[in-house]
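Participant: Just passing along the structure, written as structure tokens.
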Amino acid sequence: MRTPIVAGNWKMNKTVAESVEFVRQIKTALPPATQLETALAGQPIALTAMLEAAQGSPLKIAAENCYYQTSGPYTGETSPTALYAAGIHHVILGHSERRQLFHEDDQLINRKIKAAIAAGICPIVCCDETMGRLITSQRVEWVVARILDDLKGLTAQQAEQVTIAYEPTWAIGSGESADPSQAEEGCYLIRQTLGHMFNETVARQTRILYGGSITPDNIKQMMAKPDIDGVLVGGASLDPRTFLELVNFND
Ligand code: PEP
């Protein structure tokens, strides 16, 4: 059974005080993590204060990025080891804004994924549905290219630490969500790709989220799809009341 998850990505929004206030406002209204996992990703400066504010609640606090080295002369970067030591166990990697605005490519994202896992942090890897070819001695398969490139060289055991977020770039922040059957198709293709790359267990166990203009109005239809295990939410996660509406999509 894959536990569903609603994860917010605040991006470069909110001061530390605003982040803490948000967490205080929602933390007592969240369902138990066995029923639905909830996570919020904030800026590095706010993470420790958010962790402190979330104590005693099921809310998980995530980072929005990290580097692939554990320490050293990398001005402005955040170490996965330092994140783990602070109590952060999830990190978003490969978000389309990182790919487009900061020119992160699959090779860099692949390194970051491996470093995060080595540090004990579970990556939430964002990808679109661009197809690529997987060529083995027995077959040639059409599969999701970013999954091939971003998860290249991982063992099945490492791959089990990964959550995938299928995010069509055009749907991010546009107000135009994929329709649920389109979103399901993308998530299904990703699951197939995981099966080809690793094995059926990884494919069956990996949580695959949809992201792109999710709101309280469309979340329920998305969550009803068999290969969609949750949502990664940008804009609609910025308001505490709306975030709670998302979390309580079944009510
Ligand atoms: C995102 O940035 O990952 C995202 C899904 O944003 P939005 O919900 O605003 O489309």
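In the structure tokens, chains take letters A, B, ... by order of appearance, with residues numbered from 1 within each chain and ligands from 1 in the order shown.
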Output as a Markdown table one row per residue of chain A within 7 Å of ligand 1: the closest atom pair and its distance in Å to one decimal place, counting only C-alpha atoms and all ligand atoms, sorted by chain and residue number ascending.

Facilitator:
```
| residue | atom | partner | partner_atom_place_in_ligand_line | distance |
| --- | --- | --- | --- | --- |
| A:Asn9 | CA | ligand 1 | 3 (O) | 6.1 |
| A:His95 | CA | ligand 1 | 3 (O) | 6.7 |
| A:Glu167 | CA | ligand 1 | 5 (C) | 6.6 |
| A:Ala171 | CA | ligand 1 | 10 (O) | 5.9 |
| A:Ile172 | CA | ligand 1 | 10 (O) | 3.4 |
| A:Gly173 | CA | ligand 1 | 10 (O) | 3.5 |
| A:Ser174 | CA | ligand 1 | 10 (O) | 6.1 |
| A:Gly175 | CA | ligand 1 | 10 (O) | 6.7 |
| A:Gly211 | CA | ligand 1 | 5 (C) | 4.1 |
| A:Gly212 | CA | ligand 1 | 10 (O) | 3.7 |
| A:Ser213 | CA | ligand 1 | 10 (O) | 3.5 |
| A:Ile214 | CA | ligand 1 | 8 (O) | 5.2 |
| A:Leu232 | CA | ligand 1 | 5 (C) | 5.4 |
| A:Val233 | CA | ligand 1 | 8 (O) | 4.0 |
| A:Gly234 | CA | ligand 1 | 6 (O) | 3.4 |
| A:Gly235 | CA | ligand 1 | 9 (O) | 3.8 |
| A:Ala236 | CA | ligand 1 | 8 (O) | 6.0 |
```

Participant: Using the selection just defined, write its residues with N, CA and C atoms as a compact mmCIF listing (two decimals), in the first residue's frame.

Facilitator:
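New file again03.txt:
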```
# COMPACT_ATOMS: atom_id res chain seq x y z
N ASN A 9 5.09 23.11 -1.98
CA ASN A 9 6.38 23.67 -2.35
C ASN A 9 6.23 25.19 -2.33
N HIS A 95 13.27 20.23 -9.85
CA HIS A 95 12.08 21.02 -10.17
C HIS A 95 12.33 21.77 -11.48
N GLU A 167 5.39 16.45 -13.28
CA GLU A 167 4.96 17.84 -13.40
C GLU A 167 5.12 18.32 -14.83
N ALA A 171 1.92 23.11 -16.99
CA ALA A 171 0.86 23.15 -15.96
C ALA A 171 1.34 23.84 -14.68
N ILE A 172 2.64 24.09 -14.56
CA ILE A 172 3.16 24.65 -13.31
C ILE A 172 2.90 26.15 -13.25
N GLY A 173 2.15 26.54 -12.24
CA GLY A 173 1.88 27.96 -12.01
C GLY A 173 1.03 28.62 -13.09
N SER A 174 0.45 27.84 -13.97
CA SER A 174 -0.28 28.41 -15.12
C SER A 174 -1.78 28.51 -14.85
N GLY A 175 -2.25 27.84 -13.82
CA GLY A 175 -3.69 27.79 -13.58
C GLY A 175 -4.37 26.77 -14.47
N GLY A 211 1.92 17.12 -10.14
CA GLY A 211 2.06 18.53 -9.78
C GLY A 211 1.77 19.42 -10.97
N GLY A 212 1.08 20.52 -10.73
CA GLY A 212 0.78 21.48 -11.78
C GLY A 212 -0.61 22.04 -11.60
N SER A 213 -0.70 23.23 -10.96
CA SER A 213 -1.98 23.95 -10.80
C SER A 213 -3.04 23.13 -10.07
N ILE A 214 -2.60 22.42 -9.05
CA ILE A 214 -3.57 21.71 -8.19
C ILE A 214 -4.26 22.73 -7.27
N LEU A 232 2.03 17.45 -5.61
CA LEU A 232 3.01 18.47 -5.23
C LEU A 232 2.38 19.80 -5.64
N VAL A 233 2.24 20.69 -4.66
CA VAL A 233 1.43 21.90 -4.86
C VAL A 233 2.26 23.15 -4.63
N GLY A 234 2.26 24.05 -5.60
CA GLY A 234 2.95 25.32 -5.44
C GLY A 234 2.01 26.37 -4.89
N GLY A 235 1.43 27.15 -5.80
CA GLY A 235 0.60 28.31 -5.42
C GLY A 235 -0.44 28.04 -4.35
N ALA A 236 -1.17 26.94 -4.47
CA ALA A 236 -2.27 26.68 -3.54
C ALA A 236 -1.79 26.22 -2.16
```

Participant: Skip Thr169 in chain A itself and residues of its chain fewer than 6 positions away, then list as an mmCIF file with N, CA and C atoms, in the first residue's frame all residues within 12 Å of it, counting only C-alpha atoms.

Facilitator:
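Heads up, here's the output in around_23.cif:
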```
data_model
loop_
_atom_site.group_PDB
_atom_site.id
_atom_site.type_symbol
_atom_site.label_atom_id
_atom_site.label_comp_id
_atom_site.auth_asym_id
_atom_site.auth_seq_id
_atom_site.Cartn_x
_atom_site.Cartn_y
_atom_site.Cartn_z
ATOM 1 N N GLY A 94 15.322 18.573 -8.986
ATOM 2 C CA GLY A 94 14.953 18.560 -10.401
ATOM 3 C C GLY A 94 13.675 19.304 -10.719
ATOM 4 N N HIS A 95 13.273 20.229 -9.847
ATOM 5 C CA HIS A 95 12.078 21.023 -10.167
ATOM 6 C C HIS A 95 12.329 21.772 -11.480
ATOM 7 N N SER A 96 11.268 21.980 -12.248
ATOM 8 C CA SER A 96 11.457 22.604 -13.572
ATOM 9 C C SER A 96 12.028 24.021 -13.457
ATOM 10 N N GLU A 97 11.765 24.692 -12.313
ATOM 11 C CA GLU A 97 12.370 26.029 -12.149
ATOM 12 C C GLU A 97 13.878 25.911 -11.981
ATOM 13 N N ARG A 98 14.334 24.865 -11.300
ATOM 14 C CA ARG A 98 15.787 24.642 -11.185
ATOM 15 C C ARG A 98 16.369 24.306 -12.559
ATOM 16 N N ARG A 99 15.624 23.524 -13.320
ATOM 17 C CA ARG A 99 16.138 23.124 -14.650
ATOM 18 C C ARG A 99 16.179 24.344 -15.583
ATOM 19 N N GLN A 100 15.108 25.148 -15.564
ATOM 20 C CA GLN A 100 15.026 26.257 -16.530
ATOM 21 C C GLN A 100 15.822 27.479 -16.099
ATOM 22 N N CYS A 126 11.357 15.678 -9.534
ATOM 23 C CA CYS A 126 10.355 16.200 -10.466
ATOM 24 C C CYS A 126 10.760 15.881 -11.905
ATOM 25 N N CYS A 127 9.777 15.494 -12.691
ATOM 26 C CA CYS A 127 10.091 15.205 -14.095
ATOM 27 C C CYS A 127 8.861 15.419 -14.962
ATOM 28 N N ASP A 128 9.102 15.609 -16.264
ATOM 29 C CA ASP A 128 7.995 15.653 -17.222
ATOM 30 C C ASP A 128 7.927 14.297 -17.928
ATOM 31 N N GLU A 129 7.101 14.249 -19.000
ATOM 32 C CA GLU A 129 6.868 12.931 -19.592
ATOM 33 C C GLU A 129 7.631 12.720 -20.900
ATOM 34 N N THR A 130 8.661 13.543 -21.173
ATOM 35 C CA THR A 130 9.431 13.381 -22.413
ATOM 36 C C THR A 130 9.922 11.940 -22.527
ATOM 37 N N GLY A 175 -2.251 27.844 -13.819
ATOM 38 C CA GLY A 175 -3.694 27.792 -13.578
ATOM 39 C C GLY A 175 -4.366 26.768 -14.466
ATOM 40 N N GLU A 176 -3.573 26.094 -15.303
ATOM 41 C CA GLU A 176 -4.143 25.109 -16.227
ATOM 42 C C GLU A 176 -3.589 23.724 -15.862
ATOM 43 N N SER A 177 -4.373 23.011 -15.098
ATOM 44 C CA SER A 177 -3.925 21.686 -14.669
ATOM 45 C C SER A 177 -4.091 20.671 -15.805
ATOM 46 N N ALA A 178 -3.292 19.615 -15.788
ATOM 47 C CA ALA A 178 -3.564 18.499 -16.709
ATOM 48 C C ALA A 178 -4.920 17.923 -16.330
ATOM 49 N N TYR A 210 1.370 13.916 -8.751
ATOM 50 C CA TYR A 210 1.133 14.834 -9.866
ATOM 51 C C TYR A 210 1.336 16.250 -9.339
ATOM 52 N N GLY A 211 1.923 17.118 -10.137
ATOM 53 C CA GLY A 211 2.060 18.533 -9.779
ATOM 54 C C GLY A 211 1.772 19.421 -10.966
ATOM 55 N N GLY A 212 1.078 20.519 -10.728
ATOM 56 C CA GLY A 212 0.777 21.481 -11.784
ATOM 57 C C GLY A 212 -0.613 22.038 -11.599
ATOM 58 N N SER A 213 -0.702 23.233 -10.963
ATOM 59 C CA SER A 213 -1.978 23.952 -10.798
ATOM 60 C C SER A 213 -3.035 23.126 -10.073
#
```

Participant: Residues of range 12-101 of chain A classed as alpha helix (DSSP H) by DSSP on the backbone are to be reported as a ChimeraX atom specification.

Facilitator: /A:16-26,47-54,80-86,96-101

Participant: Deliver the residues from the most recent selection as a file, using N, CA and C atoms, as a CSV table (one decimal), in the first residue's frame.

Facilitator:
```
chain,number,residue,atom,x,y,z
A,16,VAL,N,10.8,33.8,7.7
A,16,VAL,CA,10.8,32.8,8.7
A,16,VAL,C,9.6,32.9,9.6
A,17,ALA,N,9.3,34.1,10.0
A,17,ALA,CA,8.1,34.3,11.0
A,17,ALA,C,6.8,33.8,10.3
A,18,GLU,N,6.7,34.1,9.0
A,18,GLU,CA,5.5,33.7,8.3
A,18,GLU,C,5.4,32.1,8.2
A,19,SER,N,6.6,31.5,7.9
A,19,SER,CA,6.6,30.1,7.8
A,19,SER,C,6.2,29.4,9.1
A,20,VAL,N,6.8,29.9,10.2
A,20,VAL,CA,6.5,29.3,11.5
A,20,VAL,C,5.0,29.5,11.8
A,21,GLU,N,4.4,30.7,11.6
A,21,GLU,CA,3.0,31.0,11.9
A,21,GLU,C,2.1,30.0,11.1
A,22,PHE,N,2.5,29.8,9.8
A,22,PHE,CA,1.7,28.9,9.0
A,22,PHE,C,1.7,27.5,9.6
A,23,VAL,N,2.9,27.0,10.0
A,23,VAL,CA,3.0,25.6,10.5
A,23,VAL,C,2.1,25.5,11.8
A,24,ARG,N,2.2,26.6,12.6
A,24,ARG,CA,1.4,26.6,13.9
A,24,ARG,C,-0.1,26.5,13.6
A,25,GLN,N,-0.5,27.2,12.6
A,25,GLN,CA,-1.9,27.3,12.2
A,25,GLN,C,-2.5,25.9,11.8
A,26,ILE,N,-1.6,25.2,11.0
A,26,ILE,CA,-2.2,23.9,10.4
A,26,ILE,C,-1.9,22.7,11.2
A,47,LEU,N,14.0,26.5,7.5
A,47,LEU,CA,13.8,25.0,7.8
A,47,LEU,C,13.8,24.6,9.3
A,48,THR,N,14.9,25.1,10.0
A,48,THR,CA,15.0,24.7,11.4
A,48,THR,C,13.8,25.2,12.2
A,49,ALA,N,13.4,26.5,11.9
A,49,ALA,CA,12.3,27.0,12.7
A,49,ALA,C,11.0,26.3,12.3
A,50,MET,N,10.9,25.9,11.1
A,50,MET,CA,9.7,25.1,10.7
A,50,MET,C,9.7,23.8,11.4
A,51,LEU,N,10.8,23.1,11.5
A,51,LEU,CA,10.9,21.8,12.1
A,51,LEU,C,10.5,21.9,13.6
A,52,GLU,N,11.0,23.0,14.2
A,52,GLU,CA,10.7,23.2,15.6
A,52,GLU,C,9.2,23.4,15.8
A,53,ALA,N,8.6,24.2,14.9
A,53,ALA,CA,7.2,24.5,15.0
A,53,ALA,C,6.3,23.3,14.7
A,54,ALA,N,6.8,22.4,13.9
A,54,ALA,CA,6.1,21.2,13.5
A,54,ALA,C,6.2,20.0,14.5
A,80,PRO,N,23.5,18.2,1.8
A,80,PRO,CA,22.5,17.2,2.2
A,80,PRO,C,22.8,16.7,3.6
A,81,THR,N,24.1,16.6,3.9
A,81,THR,CA,24.5,16.1,5.3
A,81,THR,C,24.0,17.1,6.4
A,82,ALA,N,24.2,18.3,6.1
A,82,ALA,CA,23.8,19.4,7.0
A,82,ALA,C,22.2,19.4,7.2
A,83,LEU,N,21.5,19.1,6.1
A,83,LEU,CA,20.1,19.1,6.1
A,83,LEU,C,19.7,17.9,7.0
A,84,TYR,N,20.3,16.8,6.8
A,84,TYR,CA,19.9,15.6,7.6
A,84,TYR,C,20.2,15.8,9.0
A,85,ALA,N,21.3,16.4,9.3
A,85,ALA,CA,21.7,16.6,10.7
A,85,ALA,C,20.7,17.6,11.4
A,86,ALA,N,20.1,18.4,10.6
A,86,ALA,CA,19.1,19.4,11.2
A,86,ALA,C,17.7,18.7,11.3
A,96,SER,N,11.3,22.0,-12.2
A,96,SER,CA,11.5,22.6,-13.6
A,96,SER,C,12.0,24.0,-13.5
A,97,GLU,N,11.8,24.7,-12.3
A,97,GLU,CA,12.4,26.0,-12.1
A,97,GLU,C,13.9,25.9,-12.0
A,98,ARG,N,14.3,24.9,-11.3
A,98,ARG,CA,15.8,24.6,-11.2
A,98,ARG,C,16.4,24.3,-12.6
A,99,ARG,N,15.6,23.5,-13.3
A,99,ARG,CA,16.1,23.1,-14.6
A,99,ARG,C,16.2,24.3,-15.6
A,100,GLN,N,15.1,25.1,-15.6
A,100,GLN,CA,15.0,26.3,-16.5
A,100,GLN,C,15.8,27.5,-16.1
A,101,LEU,N,15.6,27.9,-14.9
A,101,LEU,CA,16.2,29.2,-14.4
A,101,LEU,C,17.7,29.0,-14.0
```

Participant: Show me, as a PDB file with C-alpha atoms, in the first residue's frame, the residues that have an atom within 7 Å of Val144 in chain A when counting only C-alpha atoms, minus same-chain residues fewer than 2 positions from it.

Facilitator:
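Ended up saving to around.pdb:
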```
ATOM      1  CA  GLU A 129       6.868  12.931 -19.592  1.00  0.00           C
ATOM      2  CA  THR A 130       9.431  13.381 -22.413  1.00  0.00           C
ATOM      3  CA  MET A 131      10.058   9.945 -23.840  1.00  0.00           C
ATOM      4  CA  GLY A 132      13.436   8.293 -24.275  1.00  0.00           C
ATOM      5  CA  ARG A 146      14.165  11.969 -17.222  1.00  0.00           C
ATOM      6  CA  ILE A 147      13.603   8.913 -15.073  1.00  0.00           C
ATOM      7  CA  LEU A 148      16.258   7.061 -17.047  1.00  0.00           C
ATOM      8  CA  LEU A 189       4.308   5.787 -17.835  1.00  0.00           C
ATOM      9  CA  ILE A 190       6.683   6.725 -15.039  1.00  0.00           C
ATOM     10  CA  THR A 193       9.675   3.055 -16.607  1.00  0.00           C
TER      11      THR A 193
END
```

Participant: At a cut-off of 12 Å, using only C-alpha atoms, what residues contact Met223 in chain A? Leave out same-chain residues fewer than 2 positions from it and give the result as a count of residues only.

Facilitator: 36

Participant: Excluding same-chain residues fewer than 5 positions from Arg139 in chain A, what lies within 12 Å of it counting only C-alpha atoms, as a list in words?

Facilitator: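 Those residues are Arg133, Leu134 and His196 of chain A.
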
Participant: Compile the contact shell of Gln192 in chain A as a PyMOL selection string: residues with an atom at most 9 Å away, counting only C-alpha atoms, same-chain residues fewer than 6 positions apart removed.

Facilitator: chain A and resi 143-144+200+203

Participant: Taking 5 positions as the minimum chain separation for residues in the same chain, which residues sit within 9 Å of Arg2 in chain A when counting only C-alpha atoms? Answer as a PyMOL selection string.

Facilitator: chain A and resi 204-207+229

Participant: Restricting it to C-alpha atoms, dump the selection as a tab-separated table (two decimals), in the first residue's frame.

Facilitator:
```tsv
chain	number	residue	atom	x	y	z
A	204	ARG	CA	4.71	-0.98	-7.26
A	205	GLN	CA	6.09	0.69	-4.13
A	206	THR	CA	7.22	4.06	-5.46
A	207	ARG	CA	4.95	6.99	-4.78
A	229	ASP	CA	-0.32	8.74	-5.05
```

Participant: Kindly indicate which residue among A:Gly153, A:Pro58, A:Gly186, A:Gly42 lies nearest to Ala165 in chain A, using only C-alpha atoms for the distances.

Facilitator: A:Gly186

Participant: A:Ser71, A:Thr163, A:Gln157, A:Gln107: which is nearest Ile92 in chain A, counting only C-alpha atoms?

Facilitator: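 Of A:Ser71, A:Thr163, A:Gln157, A:Gln107, the one nearest Ile92 in chain A is A:Thr163, counting only C-alpha atoms.
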
Participant: Counting only C-alpha atoms, figure out which residue out of A:Met197, A:Lys114, A:Asp251, A:Ala39 gets nearest to Ile135 in chain A.

Facilitator: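 Among the listed residues, the smallest separation from Ile135 in chain A belongs to A:Met197.
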
Participant: Separation of CA of Pro44 in chain A and CA of Ala62 in chain A, in Å?

Facilitator: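 About the pair CA of Pro44 in chain A and CA of Ala62 in chain A: they are 9.4 Å apart.
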
Participant: Return the single residue from A:Val202, A:Leu151, A:Ala63, A:Ala46 that is closest to Ile113 in chain A, with distances computed using only C-alpha atoms.

Facilitator: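 Looking at the shortest contact to Ile113 in chain A, the residue is A:Leu151.
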
Participant: Pick out the closest residue to Gln35 in chain A from this set: A:Cys122, A:Met1, A:Val91, A:Ile164. Count only C-alpha atoms.

Facilitator: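 For Gln35 in chain A, the nearest of the given residues is A:Met1.
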
Participant: Which is closest to Asp150 in chain A among A:Cys66, A:Leu238, A:Ala224, A:Ile109, if we use only C-alpha atoms?

Facilitator: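 Nearest to Asp150 in chain A: A:Ile109.
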
Participant: Pull the strand (DSSP E or B) assignments for range 62-127 of chain A out of DSSP run on the backbone, and list those residues as a VMD selection string.

Facilitator: chain A and resid 62 to 63 90 to 93 122 to 127

Participant: For the residues selected in the previous step, produce a file with C-alpha atoms as a short mmCIF file (atom, residue, chain, number, x, y, z; two decimals), in the first residue's frame.

Facilitator:
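As a result, selection29.cif now contains:
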```
data_model
loop_
_atom_site.label_atom_id
_atom_site.label_comp_id
_atom_site.auth_asym_id
_atom_site.auth_seq_id
_atom_site.Cartn_x
_atom_site.Cartn_y
_atom_site.Cartn_z
CA ALA A 62 11.32 19.35 3.30
CA ALA A 63 14.09 21.27 1.57
CA HIS A 90 12.98 15.05 2.26
CA VAL A 91 14.27 17.24 -0.53
CA ILE A 92 12.73 18.33 -3.84
CA LEU A 93 15.20 17.82 -6.69
CA CYS A 122 14.51 10.92 0.46
CA PRO A 123 14.40 12.88 -2.78
CA ILE A 124 11.16 14.01 -4.42
CA VAL A 125 12.31 14.02 -8.03
CA CYS A 126 10.36 16.20 -10.47
CA CYS A 127 10.09 15.21 -14.10
#
```
